[in-house]
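Peer 1: Take a look at model06.cif, mmCIF, C-alpha atoms:
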data_final
loop_
_atom_site.group_PDB
_atom_site.id
_atom_site.type_symbol
_atom_site.label_atom_id
_atom_site.label_comp_id
_atom_site.auth_asym_id
_atom_site.auth_seq_id
_atom_site.Cartn_x
_atom_site.Cartn_y
_atom_site.Cartn_z
ATOM 1 C CA MET A 1 0.000 0.000 0.000
ATOM 2 C CA SER A 2 2.770 2.421 0.947
ATOM 3 C CA ALA A 3 4.614 1.618 -2.298
ATOM 4 C CA ALA A 4 1.521 2.484 -4.321
ATOM 5 C CA VAL A 5 1.152 5.804 -2.496
ATOM 6 C CA GLU A 6 4.826 6.562 -3.130
ATOM 7 C CA ASN A 7 4.398 5.874 -6.859
ATOM 8 C CA ILE A 8 1.481 8.310 -6.961
ATOM 9 C CA ARG A 9 3.464 11.040 -5.212
ATOM 10 C CA ARG A 10 6.472 10.807 -7.535
ATOM 11 C CA PRO A 11 4.604 11.745 -10.743
ATOM 12 C CA ARG A 12 3.043 14.676 -8.894
ATOM 13 C CA LYS A 13 6.479 15.894 -7.823
ATOM 14 C CA LEU A 14 7.790 15.525 -11.370
ATOM 15 C CA ALA A 15 4.779 17.399 -12.708
ATOM 16 C CA ILE A 16 5.446 20.252 -10.296
ATOM 17 C CA LEU A 17 9.079 20.388 -11.422
ATOM 18 C CA TRP A 18 7.945 20.776 -15.028
ATOM 19 C CA ILE A 19 5.071 23.191 -14.373
ATOM 20 C CA ALA A 20 6.939 25.577 -12.060
ATOM 21 C CA PRO A 21 9.455 26.858 -14.672
ATOM 22 C CA ILE A 22 6.675 27.221 -17.248
ATOM 23 C CA GLN A 23 4.576 29.248 -14.834
ATOM 24 C CA ALA A 24 7.569 31.400 -13.926
ATOM 25 C CA ALA A 25 8.293 32.012 -17.611
ATOM 26 C CA GLY A 26 4.647 32.903 -18.203
ATOM 27 C CA ILE A 27 4.610 35.386 -15.329
ATOM 28 C CA PHE A 28 7.855 36.970 -16.515
ATOM 29 C CA THR A 29 6.454 37.219 -20.057
ATOM 30 C CA VAL A 30 3.333 39.047 -18.894
ATOM 31 C CA TRP A 31 5.429 41.330 -16.701
ATOM 32 C CA ALA A 32 7.847 42.093 -19.563
ATOM 33 C CA ILE A 33 5.063 42.895 -22.025
ATOM 34 C CA ALA A 34 3.314 45.104 -19.484
ATOM 35 C CA GLY A 35 6.533 46.858 -18.514
ATOM 36 C CA GLY A 36 7.815 47.324 -22.062
ATOM 37 C CA GLY A 37 11.054 49.175 -22.705
ATOM 38 C CA GLN A 38 14.254 47.634 -21.393
ATOM 39 C CA THR A 39 12.337 44.899 -19.583
ATOM 40 C CA LEU A 40 10.764 43.701 -22.812
ATOM 41 C CA ARG A 41 14.116 43.835 -24.599
ATOM 42 C CA ALA A 42 15.710 41.760 -21.836
ATOM 43 C CA TRP A 43 12.910 39.209 -22.183
ATOM 44 C CA ILE A 44 13.349 38.998 -25.969
ATOM 45 C CA LEU A 45 17.114 38.562 -25.703
ATOM 46 C CA THR A 46 16.702 35.938 -22.984
ATOM 47 C CA ALA A 47 14.160 34.070 -25.102
ATOM 48 C CA LEU A 48 16.468 34.122 -28.131
ATOM 49 C CA LEU A 49 19.376 32.883 -26.032
ATOM 50 C CA TRP A 50 17.219 30.104 -24.601
ATOM 51 C CA LEU A 51 15.936 29.047 -28.029
ATOM 52 C CA MET A 52 19.463 28.780 -29.420
ATOM 53 C CA THR A 53 20.925 26.902 -26.453
ATOM 54 C CA LEU A 54 18.021 24.502 -25.854
ATOM 55 C CA PRO A 55 18.967 22.219 -28.805
ATOM 56 C CA LEU A 56 22.285 21.497 -27.046
ATOM 57 C CA LEU A 57 20.319 19.074 -24.885
ATOM 58 C CA PHE A 58 19.829 16.909 -27.970
ATOM 59 C CA GLY A 59 23.010 17.550 -29.929
ATOM 60 C CA LEU A 60 25.364 20.100 -31.406
ATOM 61 C CA GLU A 61 23.776 20.345 -34.836
ATOM 62 C CA GLY A 62 20.479 21.770 -33.604
ATOM 63 C CA THR A 63 22.198 24.708 -31.935
ATOM 64 C CA LEU A 64 24.362 25.331 -34.989
ATOM 65 C CA LEU A 65 21.241 25.447 -37.139
ATOM 66 C CA ALA A 66 19.569 27.805 -34.655
ATOM 67 C CA MET A 67 22.501 30.217 -34.875
ATOM 68 C CA LEU A 68 22.476 29.980 -38.668
ATOM 69 C CA LEU A 69 18.802 30.943 -38.642
ATOM 70 C CA PHE A 70 19.327 33.795 -36.190
ATOM 71 C CA GLU A 71 22.379 35.542 -37.627
ATOM 72 C CA PRO A 72 20.905 36.786 -40.945
ATOM 73 C CA PHE A 73 18.098 38.498 -39.019
ATOM 74 C CA ARG A 74 20.120 39.828 -36.098
ATOM 75 C CA GLY A 75 20.385 43.291 -37.642
ATOM 76 C CA LEU A 76 16.652 43.496 -38.300
ATOM 77 C CA ILE A 77 15.809 42.367 -34.763
ATOM 78 C CA ARG A 78 18.328 44.872 -33.453
ATOM 79 C CA ARG A 79 16.609 47.736 -35.270
ATOM 80 C CA ALA A 80 13.120 46.468 -34.444
ATOM 81 C CA GLN A 81 13.794 46.936 -30.732
ATOM 82 C CA TYR A 82 13.462 50.686 -31.290
ATOM 83 C CA LEU A 83 9.748 50.159 -31.716
ATOM 84 C CA PHE A 84 9.497 50.122 -27.915
ATOM 85 C CA ILE A 85 12.750 51.615 -26.554
ATOM 86 C CA ASN A 86 14.743 54.758 -27.186
ATOM 87 C CA TYR A 87 17.981 54.647 -29.125
ATOM 88 C CA SER A 88 21.046 53.404 -27.291
ATOM 89 C CA GLY A 89 24.577 52.795 -28.481
ATOM 90 C CA GLU A 90 24.670 49.551 -26.506
ATOM 91 C CA ASP A 91 23.458 46.489 -28.397
ATOM 92 C CA PRO A 92 23.708 43.334 -26.250
ATOM 93 C CA ILE A 93 22.088 41.332 -29.053
ATOM 94 C CA HIS A 94 25.540 41.080 -30.644
ATOM 95 C CA LEU A 95 26.706 38.972 -27.682
ATOM 96 C CA LEU A 96 24.099 36.223 -28.114
ATOM 97 C CA THR A 97 25.811 34.221 -30.847
ATOM 98 C CA PRO A 98 29.277 34.411 -29.213
ATOM 99 C CA ALA A 99 27.763 33.262 -25.911
ATOM 100 C CA VAL A 100 25.979 30.324 -27.539
ATOM 101 C CA THR A 101 29.132 29.488 -29.505
ATOM 102 C CA LEU A 102 31.191 29.225 -26.321
ATOM 103 C CA LEU A 103 28.504 27.084 -24.671
ATOM 104 C CA ALA A 104 28.461 24.793 -27.701
ATOM 105 C CA LEU A 105 32.259 24.546 -27.560
ATOM 106 C CA ALA A 106 32.040 23.558 -23.892
ATOM 107 C CA VAL A 107 29.557 20.798 -24.762
ATOM 108 C CA LEU A 108 31.805 19.615 -27.592
ATOM 109 C CA LEU A 109 34.839 19.551 -25.300
ATOM 110 C CA ARG A 110 32.914 17.559 -22.725
ATOM 111 C CA LYS A 111 32.014 15.005 -25.359
ATOM 112 C CA LYS A 112 35.275 14.730 -27.314
ATOM 113 C CA ARG A 113 37.769 16.170 -24.838
ATOM 114 C CA LEU A 114 40.866 18.031 -25.965
ATOM 115 C CA HIS A 115 41.361 15.705 -28.922
ATOM 116 C CA ILE A 116 39.479 18.132 -31.179
ATOM 117 C CA PHE A 117 42.413 20.541 -31.041
ATOM 118 C CA TRP A 118 44.781 18.142 -32.827
ATOM 119 C CA ALA A 119 42.404 15.662 -34.470
ATOM 120 C CA THR A 120 43.887 16.517 -37.888
ATOM 121 C CA PRO A 121 47.043 18.318 -39.056
ATOM 122 C CA LEU A 122 44.898 21.293 -40.034
ATOM 123 C CA ALA A 123 43.252 21.280 -36.606
ATOM 124 C CA GLY A 124 46.667 21.551 -34.997
ATOM 125 C CA SER A 125 47.560 24.592 -37.099
ATOM 126 C CA VAL A 126 44.214 26.238 -36.362
ATOM 127 C CA SER A 127 44.694 25.575 -32.654
ATOM 128 C CA VAL A 128 48.075 27.292 -32.711
ATOM 129 C CA LEU A 129 46.482 30.269 -34.439
ATOM 130 C CA GLY A 130 43.713 30.286 -31.841
ATOM 131 C CA LEU A 131 46.292 30.262 -29.054
ATOM 132 C CA ILE A 132 47.953 33.308 -30.605
ATOM 133 C CA PHE A 133 44.581 35.063 -30.768
ATOM 134 C CA LEU A 134 43.959 34.170 -27.130
ATOM 135 C CA LEU A 135 47.289 35.611 -26.014
ATOM 136 C CA GLU A 136 46.667 38.765 -28.053
ATOM 137 C CA ILE A 137 43.704 39.548 -25.797
ATOM 138 C CA PHE A 138 46.192 40.451 -23.070
ATOM 139 C CA ASN A 139 48.569 42.418 -25.298
ATOM 140 C CA PRO A 140 49.398 45.575 -23.270
ATOM 141 C CA LEU A 141 50.319 47.531 -26.408
ATOM 142 C CA GLN A 142 46.743 47.580 -27.724
ATOM 143 C CA GLY A 143 45.218 49.375 -24.753
ATOM 144 C CA SER A 144 42.750 48.073 -22.199
ATOM 145 C CA LEU A 145 41.566 44.499 -21.799
ATOM 146 C CA PHE A 146 38.220 45.558 -23.275
ATOM 147 C CA VAL A 147 39.959 46.157 -26.617
ATOM 148 C CA GLY A 148 41.346 42.626 -26.578
ATOM 149 C CA LEU A 149 37.985 41.082 -25.683
ATOM 150 C CA THR A 150 36.290 43.052 -28.444
ATOM 151 C CA GLY A 151 38.833 41.792 -30.943
ATOM 152 C CA ALA A 152 38.270 38.232 -29.735
ATOM 153 C CA LEU A 153 34.597 38.517 -30.705
ATOM 154 C CA PHE A 154 35.627 39.127 -34.310
ATOM 155 C CA MET A 155 38.630 36.785 -34.521
ATOM 156 C CA LEU A 156 38.617 34.080 -31.857
ATOM 157 C CA VAL A 157 34.900 33.254 -31.649
ATOM 158 C CA PRO A 158 34.478 32.663 -35.429
ATOM 159 C CA LEU A 159 37.539 30.401 -35.329
ATOM 160 C CA VAL A 160 35.679 28.104 -32.911
ATOM 161 C CA TRP A 161 33.352 27.166 -35.761
ATOM 162 C CA PHE A 162 36.230 25.260 -37.345
ATOM 163 C CA TYR A 163 35.922 22.660 -34.595
ATOM 164 C CA PHE A 164 32.180 22.493 -35.154
ATOM 165 C CA GLY A 165 32.820 21.910 -38.839
ATOM 166 C CA GLN A 166 35.064 18.921 -38.267
ATOM 167 C CA SER A 167 32.544 17.407 -35.839
ATOM 168 C CA ILE A 168 29.436 17.430 -38.041
ATOM 169 C CA ASN A 169 28.515 15.025 -40.809
ATOM 170 C CA GLU A 170 28.290 15.773 -44.513
ATOM 171 C CA ARG A 171 24.503 15.595 -44.538
ATOM 172 C CA PHE A 172 24.168 18.387 -42.001
ATOM 173 C CA LEU A 173 26.769 20.439 -43.853
ATOM 174 C CA ARG A 174 24.684 20.255 -47.011
ATOM 175 C CA THR A 175 21.610 21.259 -45.020
ATOM 176 C CA ALA A 176 23.432 24.223 -43.487
ATOM 177 C CA LEU A 177 24.653 25.417 -46.880
ATOM 178 C CA SER A 178 21.169 25.065 -48.361
ATOM 179 C CA VAL A 179 19.728 27.083 -45.485
ATOM 180 C CA THR A 180 22.320 29.782 -46.183
ATOM 181 C CA VAL A 181 21.137 30.037 -49.780
ATOM 182 C CA VAL A 182 17.450 30.220 -48.845
ATOM 183 C CA LEU A 183 17.995 32.795 -46.107
ATOM 184 C CA GLY A 184 20.192 34.843 -48.415
ATOM 185 C CA ILE A 185 17.374 35.049 -50.958
ATOM 186 C CA LEU A 186 14.768 35.925 -48.319
ATOM 187 C CA ALA A 187 16.971 38.614 -46.795
ATOM 188 C CA SER A 188 17.760 40.002 -50.242
ATOM 189 C CA ALA A 189 14.054 40.265 -51.023
ATOM 190 C CA TYR A 190 13.738 42.523 -47.997
ATOM 191 C CA GLY A 191 16.759 44.491 -49.188
ATOM 192 C CA LEU A 192 15.039 44.994 -52.534
ATOM 193 C CA TYR A 193 11.989 46.259 -50.662
ATOM 194 C CA GLN A 194 14.185 48.811 -48.877
ATOM 195 C CA LEU A 195 15.634 49.991 -52.176
ATOM 196 C CA ILE A 196 12.213 50.456 -53.763
ATOM 197 C CA PHE A 197 10.044 51.672 -50.894
ATOM 198 C CA GLY A 198 12.608 52.956 -48.406
ATOM 199 C CA TYR A 199 13.176 52.053 -44.782
ATOM 200 C CA PRO A 200 10.372 51.392 -42.294
ATOM 201 C CA ASN A 201 10.073 53.988 -39.538
ATOM 202 C CA PHE A 202 11.929 51.980 -36.895
ATOM 203 C CA GLU A 203 14.880 51.426 -39.234
ATOM 204 C CA GLN A 204 14.937 55.064 -40.286
ATOM 205 C CA TYR A 205 14.979 55.980 -36.597
ATOM 206 C CA TRP A 206 18.099 53.857 -36.101
ATOM 207 C CA ILE A 207 19.799 55.359 -39.166
ATOM 208 C CA ASP A 208 19.052 58.903 -37.985
ATOM 209 C CA ASN A 209 20.527 58.263 -34.545
ATOM 210 C CA THR A 210 23.481 55.967 -35.100
ATOM 211 C CA ASP A 211 26.938 57.522 -35.230
ATOM 212 C CA PHE A 212 28.772 54.412 -36.352
ATOM 213 C CA TYR A 213 27.583 53.940 -39.922
ATOM 214 C CA ALA A 214 28.501 56.984 -41.973
ATOM 215 C CA SER A 215 29.170 54.816 -45.045
ATOM 216 C CA ILE A 216 25.498 53.891 -45.363
ATOM 217 C CA ALA A 217 25.108 56.785 -47.810
ATOM 218 C CA VAL A 218 26.800 56.875 -51.213
ATOM 219 C CA GLY A 219 26.238 60.408 -52.379
ATOM 220 C CA HIS A 220 22.522 61.045 -51.957
ATOM 221 C CA VAL A 221 21.628 57.349 -52.105
ATOM 222 C CA LYS A 222 21.424 55.252 -48.949
ATOM 223 C CA ARG A 223 22.449 51.633 -49.158
ATOM 224 C CA ALA A 224 19.949 48.924 -48.370
ATOM 225 C CA LEU A 225 20.745 46.797 -45.335
ATOM 226 C CA ALA A 226 18.333 43.928 -45.958
ATOM 227 C CA SER A 227 17.946 42.131 -42.619
ATOM 228 C CA PHE A 228 21.621 42.511 -41.713
ATOM 229 C CA SER A 229 23.486 45.013 -39.561
ATOM 230 C CA SER A 230 25.186 46.608 -42.563
ATOM 231 C CA ALA A 231 25.289 46.501 -46.340
ATOM 232 C CA GLU A 232 28.694 44.831 -46.112
ATOM 233 C CA GLU A 233 27.233 41.921 -44.145
ATOM 234 C CA TRP A 234 24.498 41.600 -46.745
ATOM 235 C CA GLY A 235 27.030 41.549 -49.579
ATOM 236 C CA ARG A 236 29.301 39.023 -47.878
ATOM 237 C CA TYR A 237 26.408 36.728 -46.993
ATOM 238 C CA THR A 238 25.014 36.712 -50.529
ATOM 239 C CA GLU A 239 28.550 36.224 -51.830
ATOM 240 C CA VAL A 240 28.820 32.962 -49.902
ATOM 241 C CA GLY A 241 25.302 31.947 -50.902
ATOM 242 C CA ALA A 242 26.008 32.555 -54.589
ATOM 243 C CA ILE A 243 29.188 30.452 -54.508
ATOM 244 C CA VAL A 244 27.332 27.661 -52.705
ATOM 245 C CA SER A 245 24.526 27.785 -55.280
ATOM 246 C CA PHE A 246 26.958 27.463 -58.168
ATOM 247 C CA GLY A 247 28.665 24.584 -56.373
ATOM 248 C CA PHE A 248 25.380 22.731 -55.947
ATOM 249 C CA MET A 249 24.530 23.475 -59.575
ATOM 250 C CA PHE A 250 27.788 21.946 -60.811
ATOM 251 C CA ALA A 251 27.257 18.869 -58.620
ATOM 252 C CA ALA A 252 23.577 18.337 -59.448
ATOM 253 C CA ARG A 253 22.754 15.438 -61.750
ATOM 254 C CA ARG A 254 19.140 16.260 -62.533
ATOM 255 C CA LEU A 255 18.380 19.066 -64.961
ATOM 256 C CA VAL A 256 15.600 20.447 -62.764
ATOM 257 C CA ALA A 257 17.970 20.705 -59.801
ATOM 258 C CA ARG A 258 20.594 22.440 -61.911
ATOM 259 C CA ILE A 259 18.104 24.997 -63.153
ATOM 260 C CA GLY A 260 16.848 25.598 -59.621
ATOM 261 C CA TRP A 261 20.318 26.187 -58.208
ATOM 262 C CA LEU A 262 21.182 28.395 -61.193
ATOM 263 C CA VAL A 263 18.153 30.582 -60.472
ATOM 264 C CA CYS A 264 19.227 30.852 -56.830
ATOM 265 C CA ALA A 265 22.774 31.732 -57.874
ATOM 266 C CA LEU A 266 21.647 34.453 -60.278
ATOM 267 C CA ALA A 267 19.312 35.920 -57.658
ATOM 268 C CA LEU A 268 22.128 36.096 -55.123
ATOM 269 C CA VAL A 269 24.585 37.542 -57.642
ATOM 270 C CA THR A 270 22.034 40.268 -58.326
ATOM 271 C CA ALA A 271 21.824 40.884 -54.582
ATOM 272 C CA ILE A 272 25.612 41.245 -54.423
ATOM 273 C CA PHE A 273 25.476 44.105 -56.903
ATOM 274 C CA LEU A 274 22.472 45.656 -55.153
ATOM 275 C CA SER A 275 24.413 45.709 -51.887
ATOM 276 C CA GLY A 276 26.932 48.053 -53.504
ATOM 277 C CA GLN A 277 29.912 46.251 -51.968
ATOM 278 C CA ARG A 278 32.950 45.956 -54.226
ATOM 279 C CA THR A 279 34.674 43.594 -51.799
ATOM 280 C CA ALA A 280 31.732 41.198 -52.091
ATOM 281 C CA VAL A 281 31.942 41.304 -55.891
ATOM 282 C CA PHE A 282 35.673 40.622 -55.783
ATOM 283 C CA GLY A 283 35.208 37.845 -53.222
ATOM 284 C CA PHE A 284 32.534 36.214 -55.347
ATOM 285 C CA VAL A 285 34.740 36.202 -58.455
ATOM 286 C CA VAL A 286 37.718 34.770 -56.562
ATOM 287 C CA GLY A 287 35.514 32.224 -54.799
ATOM 288 C CA LEU A 288 33.883 31.057 -58.019
ATOM 289 C CA ILE A 289 37.258 30.618 -59.737
ATOM 290 C CA THR A 290 38.556 28.704 -56.716
ATOM 291 C CA LEU A 291 35.465 26.497 -56.768
ATOM 292 C CA MET A 292 35.982 25.665 -60.429
ATOM 293 C CA LEU A 293 39.661 24.857 -59.906
ATOM 294 C CA LEU A 294 39.064 22.676 -56.854
ATOM 295 C CA GLY A 295 36.316 20.844 -58.712
ATOM 296 C CA ALA A 296 38.714 19.694 -61.429
ATOM 297 C CA ARG A 297 39.925 16.117 -61.191
ATOM 298 C CA ASN A 298 43.538 16.950 -62.044
ATOM 299 C CA TRP A 299 45.768 19.944 -62.705
ATOM 300 C CA ARG A 300 45.392 19.661 -66.488
ATOM 301 C CA ARG A 301 41.636 20.055 -66.311
ATOM 302 C CA ALA A 302 42.085 22.884 -63.828
ATOM 303 C CA ALA A 303 44.381 24.666 -66.290
ATOM 304 C CA ALA A 304 41.902 24.044 -69.096
ATOM 305 C CA ARG A 305 39.147 25.718 -67.089
ATOM 306 C CA LEU A 306 41.242 28.860 -66.815
ATOM 307 C CA THR A 307 41.767 29.088 -70.572
#
Can you present the structure in this file as structure tokens?

Peer 2:
Amino acid sequence: MSAAVENIRRPRKLAILWIAPIQAAGIFTVWAIAGGGQTLRAWILTALLWLMTLPLLFGLEGTLLAMLLFEPFRGLIRRAQYLFINYSGEDPIHLLTPAVTLLALAVLLRKKRLHIFWATPLAGSVSVLGLIFLLEIFNPLQGSLFVGLTGALFMLVPLVWFYFGQSINERFLRTALSVTVVLGILASAYGLYQLIFGYPNFEQYWIDNTDFYASIAVGHVKRALASFSSAEEWGRYTEVGAIVSFGFMFAARRLVARIGWLVCALALVTAIFLSGQRTAVFGFVVGLITLMLLGARNWRRAAARLT
């Protein structure tokens, strides 16, 4: 009899453990919406962080996909926050992806230990480069420690993705590249909207107040940003997407697939020119030539492709 009572109590305790966090999240959501302003922004950022880290409970690939889905729209979400708060030079949204990246690295290290740093000859070289970047954070000649940490966000954190790349399978890699192409086209469609109809009010508000993007205007014409933080990000993203599309087109066996990837490639090439970024155009040309050379079976065919 006592055993039966104990079995009844355990599910109730487990149910309480599951319901309590949900109720707390619901209360915080209502409070954030009612409070608005900085409270609502904190709730949105917390929710985004939670959504990107939650897949780590099931595996690395889910979190990588979540970050791939978030990054192309980070700039748009950043500007959309000015619908309910006043302009501020501080943008903590830029710290979400680095934070999730470091958490994912910790999970990967727990699973595969330190072997990932020298799993291949290339991994060893990348690890040495990463160690140099890490030491550069504390370089006294560059100023304060804040300068070094800021540089690490742009140099050291992206390097961590190398270890993610060598830990995923080819199927997921193809999925990730396909997602990049699709998101590039969707973001570019929004960029085309900006070019034709102008910026929405909340984006115009950000442009009028920011002091860190003087290059947005070329003469009397303002560049489109699409859903990114800058026109340069838009150009670089579509550059990668265009190269990927051409690669899939060359590898496709069915005519329908080739035509589909060609359409995607042409759309993204058009977006590169619309972004107004010469570096993206140059990067696309170099990347496409490199793709064609690496796709050749031997050096003779590679030379023939250049002539």

Peer 1: As a check of understanding, name the residues that the PyMOL selection byres ((chain A and resi 87) around 12) selects in the supplied structure, as a list in words.

Peer 2: Gly37, Gln38, Arg78, Arg79, Ala80, Gln81, Tyr82, Leu83, Phe84, Ile85, Asn86, Ser88, Gly89, Glu90, Asp91, Phe202, Glu203, Gln204, Tyr205, Trp206, Ile207, Asp208, Asn209, Thr210 and Asp211 of chain A

Peer 1: Once the PyMOL selection byres ((chain A and resi 192) around 12) is applied to the coordinates I shared, what remains selected? I want it as a list in words.

Peer 2: Ile185, Leu186, Ala187, Ser188, Ala189, Tyr190, Gly191, Tyr193, Gln194, Leu195, Ile196, Phe197, Gly198, Tyr199, Arg223, Ala224, Leu225, Ala226, Ser227, Trp234, Ala267, Leu268, Thr270, Ala271, Ile272, Phe273, Leu274 and Ser275 of chain A

Peer 1: Interatomic distance between atom CA of Ala152 of chain A and atom CA of Ile137 of chain A?

Peer 2: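 Pair atom CA of Ala152 of chain A / atom CA of Ile137 of chain A returns 6.8 Å.
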
Peer 1: Counting all atoms listed in the file, which residue out of A:Ser144, A:Thr238, A:Thr101, A:Thr39 sits closest to Thr63 of chain A?

Peer 2: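 For Thr63 of chain A, the nearest of the candidates is A:Thr101.
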
Peer 1: Restricting the calculation to all atoms listed in the file: of A:Thr175, A:Asn201, A:Ser229, A:Thr97, which residue gets closest to Glu61 of chain A?

Peer 2: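 Of A:Thr175, A:Asn201, A:Ser229, A:Thr97, the one nearest Glu61 of chain A, counting all atoms listed in the file, is A:Thr175.
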
Peer 1: Have a look at A:Ala176, A:Ala119, A:His94, A:Ile44 and name the one nearest to Gly62 of chain A; count all atoms listed in the file.

Peer 2: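 Once distances to Gly62 of chain A are computed over all atoms listed in the file, the minimum belongs to A:Ala176.
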
Peer 1: When the PyMOL selection byres ((chain A and resi 134) around 10) is applied to the file above, which residues end up in the set, as a ChimeraX atom specification?

Peer 2: /A:128-133,135-139,148-149,151-152,155-156

Peer 1: Can you work out the spacing between atom CA of Leu60 of chain A and atom CA of Glu233 of chain A in Å, to one decimal?

Peer 2: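 These two atoms are separated by 25.3 Å.
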
Peer 1: Select, from A:Ala265, A:Pro158, A:Ala257, A:Met67, the residue with the minimum atom-to-atom distance to Leu51 of chain A, counting all atoms listed in the file.

Peer 2: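 Among the listed residues, A:Met67 lies closest to Leu51 of chain A.
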
Peer 1: What would segment 118-138 of chain A look like if you wrote it out as an mmCIF file, in the first residue's frame, with N, CA and C atoms included, from the block I just posted?

Peer 2:
data_model
loop_
_atom_site.group_PDB
_atom_site.id
_atom_site.type_symbol
_atom_site.label_atom_id
_atom_site.label_comp_id
_atom_site.auth_asym_id
_atom_site.auth_seq_id
_atom_site.Cartn_x
_atom_site.Cartn_y
_atom_site.Cartn_z
ATOM 1 N N TRP A 118 43.738 18.706 -31.965
ATOM 2 C CA TRP A 118 44.781 18.142 -32.827
ATOM 3 C C TRP A 118 44.283 16.888 -33.553
ATOM 4 N N ALA A 119 42.986 16.830 -33.803
ATOM 5 C CA ALA A 119 42.404 15.662 -34.470
ATOM 6 C C ALA A 119 42.964 15.474 -35.876
ATOM 7 N N THR A 120 43.305 16.562 -36.546
ATOM 8 C CA THR A 120 43.887 16.517 -37.888
ATOM 9 C C THR A 120 45.062 17.489 -37.934
ATOM 10 N N PRO A 121 45.943 17.348 -38.930
ATOM 11 C CA PRO A 121 47.043 18.318 -39.056
ATOM 12 C C PRO A 121 46.549 19.755 -39.173
ATOM 13 N N LEU A 122 45.456 19.946 -39.906
ATOM 14 C CA LEU A 122 44.898 21.293 -40.034
ATOM 15 C C LEU A 122 44.366 21.788 -38.695
ATOM 16 N N ALA A 123 43.768 20.893 -37.922
ATOM 17 C CA ALA A 123 43.252 21.280 -36.606
ATOM 18 C C ALA A 123 44.376 21.761 -35.703
ATOM 19 N N GLY A 124 45.529 21.118 -35.797
ATOM 20 C CA GLY A 124 46.667 21.551 -34.997
ATOM 21 C C GLY A 124 47.113 22.955 -35.358
ATOM 22 N N SER A 125 47.158 23.251 -36.654
ATOM 23 C CA SER A 125 47.560 24.592 -37.099
ATOM 24 C C SER A 125 46.545 25.642 -36.660
ATOM 25 N N VAL A 126 45.262 25.307 -36.784
ATOM 26 C CA VAL A 126 44.214 26.238 -36.362
ATOM 27 C C VAL A 126 44.286 26.472 -34.855
ATOM 28 N N SER A 127 44.598 25.438 -34.108
ATOM 29 C CA SER A 127 44.694 25.575 -32.654
ATOM 30 C C SER A 127 45.843 26.492 -32.259
ATOM 31 N N VAL A 128 46.950 26.386 -32.974
ATOM 32 C CA VAL A 128 48.075 27.292 -32.711
ATOM 33 C C VAL A 128 47.671 28.734 -32.998
ATOM 34 N N LEU A 129 46.965 28.929 -34.104
ATOM 35 C CA LEU A 129 46.482 30.269 -34.439
ATOM 36 C C LEU A 129 45.521 30.778 -33.368
ATOM 37 N N GLY A 130 44.641 29.895 -32.894
ATOM 38 C CA GLY A 130 43.713 30.286 -31.841
ATOM 39 C C GLY A 130 44.428 30.653 -30.552
ATOM 40 N N LEU A 131 45.507 29.941 -30.246
ATOM 41 C CA LEU A 131 46.292 30.262 -29.054
ATOM 42 C C LEU A 131 46.926 31.643 -29.178
ATOM 43 N N ILE A 132 47.388 31.971 -30.376
ATOM 44 C CA ILE A 132 47.953 33.308 -30.605
ATOM 45 C C ILE A 132 46.883 34.374 -30.410
ATOM 46 N N PHE A 133 45.688 34.119 -30.952
ATOM 47 C CA PHE A 133 44.581 35.063 -30.768
ATOM 48 C C PHE A 133 44.254 35.230 -29.285
ATOM 49 N N LEU A 134 44.279 34.123 -28.558
ATOM 50 C CA LEU A 134 43.959 34.170 -27.130
ATOM 51 C C LEU A 134 44.982 35.007 -26.369
ATOM 52 N N LEU A 135 46.245 34.837 -26.683
ATOM 53 C CA LEU A 135 47.289 35.611 -26.014
ATOM 54 C C LEU A 135 47.213 37.093 -26.386
ATOM 55 N N GLU A 136 46.766 37.376 -27.604
ATOM 56 C CA GLU A 136 46.667 38.765 -28.053
ATOM 57 C C GLU A 136 45.620 39.551 -27.266
ATOM 58 N N ILE A 137 44.697 38.853 -26.621
ATOM 59 C CA ILE A 137 43.704 39.548 -25.797
ATOM 60 C C ILE A 137 44.391 40.358 -24.705
ATOM 61 N N PHE A 138 45.498 39.830 -24.199
ATOM 62 C CA PHE A 138 46.192 40.451 -23.070
ATOM 63 C C PHE A 138 47.405 41.270 -23.508
#
